[in-house]
$ cat coords38.pdb   # PDB, C-alpha atoms
MODEL        1
ATOM      1  CA  MET A   1      19.845   2.851  -1.223  1.00  0.00           C
ATOM      2  CA  LEU A   2      18.503  -0.641  -1.813  1.00  0.00           C
ATOM      3  CA  GLY A   3      17.671  -2.726   1.238  1.00  0.00           C
ATOM      4  CA  ILE A   4      16.163   0.162   3.202  1.00  0.00           C
ATOM      5  CA  GLY A   5      12.449   0.797   3.709  1.00  0.00           C
ATOM      6  CA  ALA A   6      10.248   0.487   0.635  1.00  0.00           C
ATOM      7  CA  TYR A   7      13.217  -0.510  -1.503  1.00  0.00           C
ATOM      8  CA  LYS A   8      13.245  -3.883   0.223  1.00  0.00           C
ATOM      9  CA  GLN A   9       9.958  -4.536  -1.570  1.00  0.00           C
ATOM     10  CA  ARG A  10      11.396  -4.385  -5.064  1.00  0.00           C
ATOM     11  CA  MET A  11      13.692  -6.903  -6.688  1.00  0.00           C
ATOM     12  CA  PRO A  12      17.283  -5.750  -7.151  1.00  0.00           C
ATOM     13  CA  ARG A  13      18.860  -5.929 -10.584  1.00  0.00           C
ATOM     14  CA  ALA A  14      21.634  -8.456 -11.111  1.00  0.00           C
ATOM     15  CA  ASP A  15      24.219  -5.668 -11.119  1.00  0.00           C
ATOM     16  CA  GLU A  16      22.913  -4.422  -7.755  1.00  0.00           C
ATOM     17  CA  ALA A  17      22.998  -7.803  -6.009  1.00  0.00           C
ATOM     18  CA  LEU A  18      25.566  -8.803  -3.401  1.00  0.00           C
ATOM     19  CA  PRO A  19      28.399 -11.003  -4.751  1.00  0.00           C
ATOM     20  CA  GLY A  20      27.938 -13.911  -2.346  1.00  0.00           C
ATOM     21  CA  ARG A  21      30.520 -16.670  -2.183  1.00  0.00           C
ATOM     22  CA  ALA A  22      31.545 -19.920  -3.877  1.00  0.00           C
ATOM     23  CA  GLY A  23      31.349 -22.195  -0.826  1.00  0.00           C
ATOM     24  CA  GLU A  24      28.148 -23.731   0.509  1.00  0.00           C
ATOM     25  CA  MET A  25      26.948 -23.091   4.050  1.00  0.00           C
ATOM     26  CA  PRO A  26      28.168 -25.655   6.607  1.00  0.00           C
ATOM     27  CA  LEU A  27      25.253 -27.965   7.319  1.00  0.00           C
ATOM     28  CA  HIS A  28      24.444 -30.456  10.058  1.00  0.00           C
ATOM     29  CA  ASN A  29      22.909 -32.908   7.627  1.00  0.00           C
ATOM     30  CA  VAL A  30      20.242 -34.387   9.921  1.00  0.00           C
ATOM     31  CA  HIS A  31      16.618 -33.269  10.097  1.00  0.00           C
ATOM     32  CA  HIS A  32      15.834 -32.245  13.667  1.00  0.00           C
ATOM     33  CA  VAL A  33      12.400 -33.934  13.555  1.00  0.00           C
ATOM     34  CA  SER A  34      12.662 -36.944  11.253  1.00  0.00           C
ATOM     35  CA  GLY A  35      16.387 -37.705  11.349  1.00  0.00           C
ATOM     36  CA  SER A  36      16.472 -37.778   7.538  1.00  0.00           C
ATOM     37  CA  PRO A  37      19.310 -36.070   5.664  1.00  0.00           C
ATOM     38  CA  LEU A  38      18.714 -32.498   4.536  1.00  0.00           C
ATOM     39  CA  ARG A  39      21.118 -32.740   1.600  1.00  0.00           C
ATOM     40  CA  ASP A  40      21.176 -35.921  -0.482  1.00  0.00           C
ATOM     41  CA  VAL A  41      20.517 -37.296  -3.966  1.00  0.00           C
ATOM     42  CA  PHE A  42      17.003 -38.308  -2.843  1.00  0.00           C
ATOM     43  CA  ALA A  43      16.694 -41.053  -5.454  1.00  0.00           C
ATOM     44  CA  GLY A  44      13.090 -42.134  -5.987  1.00  0.00           C
ATOM     45  CA  PHE A  45      11.673 -38.959  -4.446  1.00  0.00           C
ATOM     46  CA  GLU A  46      10.487 -35.683  -5.948  1.00  0.00           C
ATOM     47  CA  ARG A  47      11.418 -32.157  -4.885  1.00  0.00           C
ATOM     48  CA  VAL A  48       9.736 -28.753  -4.924  1.00  0.00           C
ATOM     49  CA  GLN A  49      10.477 -25.383  -3.321  1.00  0.00           C
ATOM     50  CA  PHE A  50       7.733 -23.346  -1.621  1.00  0.00           C
ATOM     51  CA  GLY A  51       8.063 -19.751  -0.439  1.00  0.00           C
ATOM     52  CA  MET A  52       5.219 -18.385   1.685  1.00  0.00           C
ATOM     53  CA  GLY A  53       6.705 -15.853   4.057  1.00  0.00           C
ATOM     54  CA  CYS A  54       9.113 -16.585   6.910  1.00  0.00           C
ATOM     55  CA  PHE A  55      10.524 -20.055   6.301  1.00  0.00           C
ATOM     56  CA  TRP A  56      10.396 -21.025   9.979  1.00  0.00           C
ATOM     57  CA  GLY A  57       6.637 -21.518  10.028  1.00  0.00           C
ATOM     58  CA  ALA A  58       6.454 -22.615   6.404  1.00  0.00           C
ATOM     59  CA  GLU A  59       8.835 -25.518   6.975  1.00  0.00           C
ATOM     60  CA  ARG A  60       6.781 -26.825   9.891  1.00  0.00           C
ATOM     61  CA  LYS A  61       3.678 -26.982   7.673  1.00  0.00           C
ATOM     62  CA  PHE A  62       5.375 -29.558   5.468  1.00  0.00           C
ATOM     63  CA  TRP A  63       7.507 -31.687   7.810  1.00  0.00           C
ATOM     64  CA  THR A  64       4.309 -32.820   9.559  1.00  0.00           C
ATOM     65  CA  LEU A  65       2.869 -34.386   6.388  1.00  0.00           C
ATOM     66  CA  ARG A  66       2.950 -38.126   5.909  1.00  0.00           C
ATOM     67  CA  GLY A  67       4.846 -38.914   2.709  1.00  0.00           C
ATOM     68  CA  VAL A  68       7.281 -36.012   3.069  1.00  0.00           C
ATOM     69  CA  GLN A  69      10.772 -37.453   3.347  1.00  0.00           C
ATOM     70  CA  THR A  70      12.556 -34.295   4.451  1.00  0.00           C
ATOM     71  CA  THR A  71      12.364 -30.518   4.480  1.00  0.00           C
ATOM     72  CA  ALA A  72      15.005 -27.808   4.579  1.00  0.00           C
ATOM     73  CA  ALA A  73      15.017 -24.034   4.890  1.00  0.00           C
ATOM     74  CA  GLY A  74      16.897 -22.078   2.271  1.00  0.00           C
ATOM     75  CA  TYR A  75      17.092 -19.275  -0.236  1.00  0.00           C
ATOM     76  CA  ALA A  76      16.240 -19.256  -3.948  1.00  0.00           C
ATOM     77  CA  GLY A  77      15.055 -17.133  -6.830  1.00  0.00           C
ATOM     78  CA  GLY A  78      17.633 -14.352  -6.660  1.00  0.00           C
ATOM     79  CA  PHE A  79      21.157 -13.634  -7.834  1.00  0.00           C
ATOM     80  CA  THR A  80      23.585 -14.026  -4.912  1.00  0.00           C
ATOM     81  CA  PRO A  81      25.261 -17.458  -4.652  1.00  0.00           C
ATOM     82  CA  ASN A  82      25.340 -19.047  -1.177  1.00  0.00           C
ATOM     83  CA  PRO A  83      23.940 -16.011   0.651  1.00  0.00           C
ATOM     84  CA  THR A  84      23.705 -15.556   4.395  1.00  0.00           C
ATOM     85  CA  TYR A  85      20.451 -14.831   6.216  1.00  0.00           C
ATOM     86  CA  ARG A  86      21.609 -11.285   6.899  1.00  0.00           C
ATOM     87  CA  GLU A  87      22.323 -10.748   3.212  1.00  0.00           C
ATOM     88  CA  VAL A  88      18.916 -12.081   2.156  1.00  0.00           C
ATOM     89  CA  CYS A  89      17.181  -9.828   4.697  1.00  0.00           C
ATOM     90  CA  SER A  90      19.012  -6.808   3.270  1.00  0.00           C
ATOM     91  CA  GLY A  91      16.951  -7.042   0.075  1.00  0.00           C
ATOM     92  CA  LEU A  92      20.174  -7.121  -1.944  1.00  0.00           C
ATOM     93  CA  THR A  93      20.185 -10.774  -3.041  1.00  0.00           C
ATOM     94  CA  GLY A  94      16.767 -11.123  -4.715  1.00  0.00           C
ATOM     95  CA  HIS A  95      16.179 -14.436  -2.972  1.00  0.00           C
ATOM     96  CA  ALA A  96      12.976 -15.598  -1.341  1.00  0.00           C
ATOM     97  CA  GLU A  97      12.980 -17.592   1.868  1.00  0.00           C
ATOM     98  CA  VAL A  98      11.886 -21.027   0.668  1.00  0.00           C
ATOM     99  CA  VAL A  99      11.373 -24.534   1.956  1.00  0.00           C
ATOM    100  CA  LEU A 100      12.725 -27.493   0.027  1.00  0.00           C
ATOM    101  CA  VAL A 101      10.158 -30.293   0.260  1.00  0.00           C
ATOM    102  CA  VAL A 102      11.279 -33.800  -0.686  1.00  0.00           C
ATOM    103  CA  TYR A 103       8.359 -36.181  -0.963  1.00  0.00           C
ATOM    104  CA  ASP A 104       7.348 -39.664  -2.029  1.00  0.00           C
ATOM    105  CA  PRO A 105       4.789 -39.283  -4.848  1.00  0.00           C
ATOM    106  CA  ALA A 106       3.472 -42.766  -4.049  1.00  0.00           C
ATOM    107  CA  ALA A 107       2.599 -41.638  -0.510  1.00  0.00           C
ATOM    108  CA  ILE A 108       1.486 -38.029  -0.974  1.00  0.00           C
ATOM    109  CA  THR A 109       0.286 -36.218  -4.070  1.00  0.00           C
ATOM    110  CA  PHE A 110       1.627 -32.947  -5.347  1.00  0.00           C
ATOM    111  CA  ASP A 111      -1.933 -31.626  -5.149  1.00  0.00           C
ATOM    112  CA  ALA A 112      -1.921 -32.289  -1.398  1.00  0.00           C
ATOM    113  CA  LEU A 113       1.252 -30.214  -1.041  1.00  0.00           C
ATOM    114  CA  LEU A 114      -0.283 -27.432  -3.124  1.00  0.00           C
ATOM    115  CA  GLN A 115      -3.355 -27.379  -0.902  1.00  0.00           C
ATOM    116  CA  VAL A 116      -1.195 -26.874   2.201  1.00  0.00           C
ATOM    117  CA  PHE A 117       0.763 -24.161   0.394  1.00  0.00           C
ATOM    118  CA  TRP A 118      -2.261 -22.127  -0.718  1.00  0.00           C
ATOM    119  CA  GLU A 119      -4.219 -22.462   2.520  1.00  0.00           C
ATOM    120  CA  SER A 120      -1.299 -21.612   4.833  1.00  0.00           C
ATOM    121  CA  HIS A 121      -0.583 -18.046   3.680  1.00  0.00           C
ATOM    122  CA  ASP A 122      -2.072 -15.096   1.825  1.00  0.00           C
ATOM    123  CA  PRO A 123      -0.736 -15.278  -1.752  1.00  0.00           C
ATOM    124  CA  THR A 124      -2.069 -11.825  -2.690  1.00  0.00           C
ATOM    125  CA  GLN A 125       0.326  -9.673  -0.668  1.00  0.00           C
ATOM    126  CA  GLY A 126       3.218  -9.153  -3.068  1.00  0.00           C
ATOM    127  CA  MET A 127       6.579  -8.605  -1.396  1.00  0.00           C
ATOM    128  CA  ARG A 128       5.394  -9.326   2.112  1.00  0.00           C
ATOM    129  CA  GLN A 129       3.485 -11.721   4.334  1.00  0.00           C
ATOM    130  CA  GLY A 130       1.608 -10.133   7.194  1.00  0.00           C
ATOM    131  CA  ASN A 131       3.961  -7.857   9.104  1.00  0.00           C
ATOM    132  CA  ASP A 132       7.028  -9.340   7.387  1.00  0.00           C
ATOM    133  CA  ALA A 133       7.886  -7.029   4.480  1.00  0.00           C
ATOM    134  CA  GLY A 134      10.591  -7.516   1.862  1.00  0.00           C
ATOM    135  CA  THR A 135      11.432  -9.454  -1.274  1.00  0.00           C
ATOM    136  CA  GLN A 136      12.389 -12.532   0.756  1.00  0.00           C
ATOM    137  CA  TYR A 137       8.786 -12.945   1.963  1.00  0.00           C
ATOM    138  CA  ARG A 138       7.149 -13.177  -1.470  1.00  0.00           C
ATOM    139  CA  SER A 139       5.031 -16.170  -2.443  1.00  0.00           C
ATOM    140  CA  VAL A 140       6.733 -18.621  -4.828  1.00  0.00           C
ATOM    141  CA  ILE A 141       6.509 -22.169  -6.153  1.00  0.00           C
ATOM    142  CA  HIS A 142       9.708 -23.430  -7.775  1.00  0.00           C
ATOM    143  CA  CYS A 143       8.933 -26.593  -9.739  1.00  0.00           C
ATOM    144  CA  GLU A 144      11.378 -29.317 -10.758  1.00  0.00           C
ATOM    145  CA  THR A 145       9.163 -31.011 -13.362  1.00  0.00           C
ATOM    146  CA  GLN A 146       6.796 -29.871 -16.085  1.00  0.00           C
ATOM    147  CA  ALA A 147       3.999 -31.867 -14.444  1.00  0.00           C
ATOM    148  CA  GLN A 148       4.488 -29.951 -11.182  1.00  0.00           C
ATOM    149  CA  TYR A 149       4.417 -26.667 -13.068  1.00  0.00           C
ATOM    150  CA  ASP A 150       1.205 -27.543 -14.892  1.00  0.00           C
ATOM    151  CA  ARG A 151      -0.524 -28.557 -11.649  1.00  0.00           C
ATOM    152  CA  ALA A 152       0.748 -25.466  -9.833  1.00  0.00           C
ATOM    153  CA  ILE A 153      -0.583 -23.144 -12.544  1.00  0.00           C
ATOM    154  CA  ALA A 154      -3.947 -24.904 -12.581  1.00  0.00           C
ATOM    155  CA  SER A 155      -4.224 -24.705  -8.789  1.00  0.00           C
ATOM    156  CA  ARG A 156      -3.236 -21.039  -8.803  1.00  0.00           C
ATOM    157  CA  ASP A 157      -5.968 -20.191 -11.298  1.00  0.00           C
ATOM    158  CA  ALA A 158      -8.573 -22.201  -9.402  1.00  0.00           C
ATOM    159  CA  TYR A 159      -7.607 -20.623  -6.084  1.00  0.00           C
ATOM    160  CA  GLN A 160      -7.669 -17.164  -7.643  1.00  0.00           C
ATOM    161  CA  ARG A 161     -11.344 -17.646  -8.466  1.00  0.00           C
ATOM    162  CA  ARG A 162     -12.096 -18.648  -4.874  1.00  0.00           C
ATOM    163  CA  LEU A 163     -10.122 -15.735  -3.466  1.00  0.00           C
ATOM    164  CA  ARG A 164     -11.965 -13.255  -5.677  1.00  0.00           C
ATOM    165  CA  GLU A 165     -15.278 -14.653  -4.472  1.00  0.00           C
ATOM    166  CA  ALA A 166     -14.055 -14.020  -0.909  1.00  0.00           C
ATOM    167  CA  GLY A 167     -13.048 -10.427  -1.671  1.00  0.00           C
ATOM    168  CA  TYR A 168      -9.295 -10.880  -2.120  1.00  0.00           C
ATOM    169  CA  GLY A 169      -7.228  -9.364  -4.913  1.00  0.00           C
ATOM    170  CA  GLN A 170      -4.797 -10.716  -7.479  1.00  0.00           C
ATOM    171  CA  VAL A 171      -2.568 -13.682  -6.620  1.00  0.00           C
ATOM    172  CA  THR A 172       1.077 -12.570  -6.777  1.00  0.00           C
ATOM    173  CA  THR A 173       2.634 -16.030  -6.427  1.00  0.00           C
ATOM    174  CA  GLU A 174       5.548 -16.692  -8.784  1.00  0.00           C
ATOM    175  CA  VAL A 175       5.323 -20.160 -10.352  1.00  0.00           C
ATOM    176  CA  VAL A 176       8.700 -21.025 -11.882  1.00  0.00           C
ATOM    177  CA  TYR A 177      10.005 -23.943 -13.948  1.00  0.00           C
ATOM    178  CA  PRO A 178      12.720 -25.076 -13.922  1.00  0.00           C
ATOM    179  CA  ALA A 179      13.443 -24.422 -10.269  1.00  0.00           C
ATOM    180  CA  PRO A 180      16.359 -22.070  -9.597  1.00  0.00           C
ATOM    181  CA  PRO A 181      19.302 -23.194  -7.436  1.00  0.00           C
ATOM    182  CA  PHE A 182      18.447 -23.864  -3.802  1.00  0.00           C
ATOM    183  CA  TYR A 183      20.910 -22.568  -1.217  1.00  0.00           C
ATOM    184  CA  TYR A 184      20.644 -24.138   2.228  1.00  0.00           C
ATOM    185  CA  ALA A 185      20.176 -21.689   5.093  1.00  0.00           C
ATOM    186  CA  GLU A 186      22.355 -21.709   8.176  1.00  0.00           C
ATOM    187  CA  ASP A 187      21.904 -24.536  10.704  1.00  0.00           C
ATOM    188  CA  GLU A 188      20.084 -22.276  13.166  1.00  0.00           C
ATOM    189  CA  HIS A 189      17.229 -21.846  10.676  1.00  0.00           C
ATOM    190  CA  GLN A 190      16.761 -25.537   9.882  1.00  0.00           C
ATOM    191  CA  GLN A 191      13.593 -26.876  11.584  1.00  0.00           C
ATOM    192  CA  TYR A 192      13.664 -23.711  13.696  1.00  0.00           C
ATOM    193  CA  LEU A 193      10.273 -24.223  15.334  1.00  0.00           C
ATOM    194  CA  SER A 194      11.185 -27.748  16.401  1.00  0.00           C
ATOM    195  CA  LYS A 195      14.315 -26.419  18.102  1.00  0.00           C
ATOM    196  CA  ASN A 196      12.444 -23.359  19.421  1.00  0.00           C
ATOM    197  CA  PRO A 197       8.799 -24.406  20.007  1.00  0.00           C
ATOM    198  CA  MET A 198       7.842 -20.930  21.270  1.00  0.00           C
ATOM    199  CA  GLY A 199       9.617 -19.179  18.402  1.00  0.00           C
ATOM    200  CA  TYR A 200       8.119 -16.607  16.067  1.00  0.00           C
ATOM    201  CA  CYS A 201       5.733 -17.741  13.342  1.00  0.00           C
ATOM    202  CA  GLY A 202       3.980 -15.045  11.322  1.00  0.00           C
ATOM    203  CA  LEU A 203       2.248 -17.466   8.976  1.00  0.00           C
ATOM    204  CA  GLY A 204      -1.471 -16.991   8.480  1.00  0.00           C
ATOM    205  CA  GLY A 205      -3.855 -18.114   5.762  1.00  0.00           C
ATOM    206  CA  THR A 206      -6.880 -16.395   4.249  1.00  0.00           C
ATOM    207  CA  GLY A 207      -9.410 -18.902   5.530  1.00  0.00           C
ATOM    208  CA  VAL A 208     -10.361 -19.682   1.921  1.00  0.00           C
ATOM    209  CA  SER A 209     -10.258 -23.401   1.182  1.00  0.00           C
ATOM    210  CA  CYS A 210      -8.408 -24.723  -1.844  1.00  0.00           C
ATOM    211  CA  ALA A 211     -10.039 -27.750  -3.471  1.00  0.00           C
ATOM    212  CA  VAL A 212      -7.029 -28.842  -5.534  1.00  0.00           C
ATOM    213  CA  GLY A 213      -7.577 -31.828  -7.777  1.00  0.00           C
ATOM    214  CA  THR A 214     -11.350 -31.918  -7.347  1.00  0.00           C
ATOM    215  CA  GLY A 215     -12.238 -29.827 -10.370  1.00  0.00           C
ATOM    216  CA  ALA A 216     -13.978 -27.297  -8.132  1.00  0.00           C
TER     217      ALA A 216
ENDMDL
END
$ encode --input "coords38.pdb" --output "C-alpha cells"
Amino acid sequence: MLGIGAYKQRMPRADEALPGRAGEMPLHNVHHVSGSPLRDVFAGFERVQFGMGCFWGAERKFWTLRGVQTTAAGYAGGFTPNPTYREVCSGLTGHAEVVLVVYDPAAITFDALLQVFWESHDPTQGMRQGNDAGTQYRSVIHCETQAQYDRAIASRDAYQRRLREAGYGQVTTEVVYPAPPFYYAEDEHQQYLSKNPMGYCGLGGTGVSCAVGTGA
C-alpha cells in the first residue's frame, strides 16, 4: 500500500493520488511576523516556491530576509488539489512541502534567495531531509519566470561541484518551470516557528558554502 514505509519515498502515479477537493483552505490572510497578506496579487513583486524539508523551518529562513515581502507554507508539485497536511504526509498526493516566497527584486536578488536555499538544507538526500522521510520532504525549486529557472539551474550546477569536492553525492533537487499550482497549508502551519518558538525544526545544511552569482 502506498503511504506506508518505503513507499512514502516514491512518487504516486496520478491514478493513485487522493482526489482532494475543489475549495481552498480557509486562511487567516495576515503574516504572523510581518503583517503582510499571505494571499494577494502581489503586483510589482516576484514569486518563487522552495521546498527543502519540513516547511516550518524553511519558511523562517526566508521571512527574516530584507526584501522579502511575505512568505507562506503550502503544498505543490503533486496531483491532489487543495490537500490537507494529513493527506500530504500520507505520501498519496505527490506534493512537496514548500514555501512561497514573495520578494522585491529591487531589494533582494534571486541569487541571494538561492544561496539561502542551498546552504540551509542537504539537497542530495532524495525523498527525505534528515530524519524526515517521504515525498513531501524532497528538495524543489518551482520557478515562475524563465530567468529564475536559468539562474536556479546555474546555481545547482555550481553547487554540485562544491558538494562533490566536499564528498557529497548527486544533487536531487527538482528545478521546475513553470511553477505548479501552490496550495496554501492550514493556518496552524503558517509561520509555525513564530507562533511556536520552541517548535520542531529539522532543517540542517551541509556546511558547504554556495557562492551564487560570483562565478565561483
$ resolve_selection --input "coords38.pdb" --expression "the PyMOL selection byres ((chain A and resi 49-61) around 9)" --output "PDB file with C-alpha atoms, in the coordinates of the input"
ATOM      1  CA  ARG A  47      11.418 -32.157  -4.885  1.00  0.00           C
ATOM      2  CA  VAL A  48       9.736 -28.753  -4.924  1.00  0.00           C
ATOM      3  CA  PHE A  62       5.375 -29.558   5.468  1.00  0.00           C
ATOM      4  CA  TRP A  63       7.507 -31.687   7.810  1.00  0.00           C
ATOM      5  CA  THR A  64       4.309 -32.820   9.559  1.00  0.00           C
ATOM      6  CA  LEU A  65       2.869 -34.386   6.388  1.00  0.00           C
ATOM      7  CA  THR A  71      12.364 -30.518   4.480  1.00  0.00           C
ATOM      8  CA  ALA A  72      15.005 -27.808   4.579  1.00  0.00           C
ATOM      9  CA  ALA A  73      15.017 -24.034   4.890  1.00  0.00           C
ATOM     10  CA  GLY A  74      16.897 -22.078   2.271  1.00  0.00           C
ATOM     11  CA  ALA A  76      16.240 -19.256  -3.948  1.00  0.00           C
ATOM     12  CA  ALA A  96      12.976 -15.598  -1.341  1.00  0.00           C
ATOM     13  CA  GLU A  97      12.980 -17.592   1.868  1.00  0.00           C
ATOM     14  CA  VAL A  98      11.886 -21.027   0.668  1.00  0.00           C
ATOM     15  CA  VAL A  99      11.373 -24.534   1.956  1.00  0.00           C
ATOM     16  CA  LEU A 100      12.725 -27.493   0.027  1.00  0.00           C
ATOM     17  CA  VAL A 101      10.158 -30.293   0.260  1.00  0.00           C
ATOM     18  CA  VAL A 102      11.279 -33.800  -0.686  1.00  0.00           C
ATOM     19  CA  VAL A 116      -1.195 -26.874   2.201  1.00  0.00           C
ATOM     20  CA  PHE A 117       0.763 -24.161   0.394  1.00  0.00           C
ATOM     21  CA  TRP A 118      -2.261 -22.127  -0.718  1.00  0.00           C
ATOM     22  CA  SER A 120      -1.299 -21.612   4.833  1.00  0.00           C
ATOM     23  CA  HIS A 121      -0.583 -18.046   3.680  1.00  0.00           C
ATOM     24  CA  ASP A 122      -2.072 -15.096   1.825  1.00  0.00           C
ATOM     25  CA  PRO A 123      -0.736 -15.278  -1.752  1.00  0.00           C
ATOM     26  CA  ARG A 128       5.394  -9.326   2.112  1.00  0.00           C
ATOM     27  CA  GLN A 129       3.485 -11.721   4.334  1.00  0.00           C
ATOM     28  CA  GLY A 130       1.608 -10.133   7.194  1.00  0.00           C
ATOM     29  CA  ASP A 132       7.028  -9.340   7.387  1.00  0.00           C
ATOM     30  CA  ALA A 133       7.886  -7.029   4.480  1.00  0.00           C
ATOM     31  CA  GLN A 136      12.389 -12.532   0.756  1.00  0.00           C
ATOM     32  CA  TYR A 137       8.786 -12.945   1.963  1.00  0.00           C
ATOM     33  CA  ARG A 138       7.149 -13.177  -1.470  1.00  0.00           C
ATOM     34  CA  SER A 139       5.031 -16.170  -2.443  1.00  0.00           C
ATOM     35  CA  VAL A 140       6.733 -18.621  -4.828  1.00  0.00           C
ATOM     36  CA  ILE A 141       6.509 -22.169  -6.153  1.00  0.00           C
ATOM     37  CA  HIS A 142       9.708 -23.430  -7.775  1.00  0.00           C
ATOM     38  CA  CYS A 143       8.933 -26.593  -9.739  1.00  0.00           C
ATOM     39  CA  GLU A 144      11.378 -29.317 -10.758  1.00  0.00           C
ATOM     40  CA  THR A 173       2.634 -16.030  -6.427  1.00  0.00           C
ATOM     41  CA  ALA A 179      13.443 -24.422 -10.269  1.00  0.00           C
ATOM     42  CA  PHE A 182      18.447 -23.864  -3.802  1.00  0.00           C
ATOM     43  CA  HIS A 189      17.229 -21.846  10.676  1.00  0.00           C
ATOM     44  CA  GLN A 190      16.761 -25.537   9.882  1.00  0.00           C
ATOM     45  CA  GLN A 191      13.593 -26.876  11.584  1.00  0.00           C
ATOM     46  CA  TYR A 192      13.664 -23.711  13.696  1.00  0.00           C
ATOM     47  CA  LEU A 193      10.273 -24.223  15.334  1.00  0.00           C
ATOM     48  CA  SER A 194      11.185 -27.748  16.401  1.00  0.00           C
ATOM     49  CA  GLY A 199       9.617 -19.179  18.402  1.00  0.00           C
ATOM     50  CA  TYR A 200       8.119 -16.607  16.067  1.00  0.00           C
ATOM     51  CA  CYS A 201       5.733 -17.741  13.342  1.00  0.00           C
ATOM     52  CA  GLY A 202       3.980 -15.045  11.322  1.00  0.00           C
ATOM     53  CA  LEU A 203       2.248 -17.466   8.976  1.00  0.00           C
TER      54      LEU A 203
END
$ axis_aligned_box --input "coords38.pdb" --around "segment 137-155 of chain A" --padding-each-side "4 Å" --output "AutoDock Vina command-line options"
--center_x 3.6 --center_y -22.4 --center_z -7.1 --size_x 23.6 --size_y 26.9 --size_z 26.0
$ atom_distance --input "coords38.pdb" --atom1 "atom CA of Asp111 of chain A" --atom2 "atom CA of Arg151 of chain A"
7.3 Å
$ atom_distance --input "coords38.pdb" --atom1 "atom CA of Leu38 of chain A" --atom2 "atom CA of Gly134 of chain A"
26.4 Å
$ closest_residue --input "coords38.pdb" --among "A:Pro37, A:Asp104, A:Asn131, A:Tyr183" --to "Gly20 of chain A" --atoms "all atoms listed in the file"
A:Tyr183
$ closest_residue --input "coords38.pdb" --among "A:Thr124, A:Pro105, A:Phe110, A:Arg162" --to "Tyr149 of chain A" --atoms "all atoms listed in the file"
A:Phe110
$ resolve_selection --input "coords38.pdb" --expression "the PyMOL selection byres ((chain A and resi 44) around 10)" --output "list in words"
Val41, Phe42, Ala43, Phe45, Glu46, Tyr103, Asp104, Pro105 and Ala106 of chain A
$ atom_distance --input "coords38.pdb" --atom1 "atom CA of Gly23 of chain A" --atom2 "atom CA of Gly91 of chain A"
20.9 Å
$ resolve_selection --input "coords38.pdb" --expression "the PyMOL selection byres ((chain A and resi 89) around 12)" --output "PyMOL selection string"
chain A and resi 2-5+7-9+18+54+75+83-88+90-97+132-137
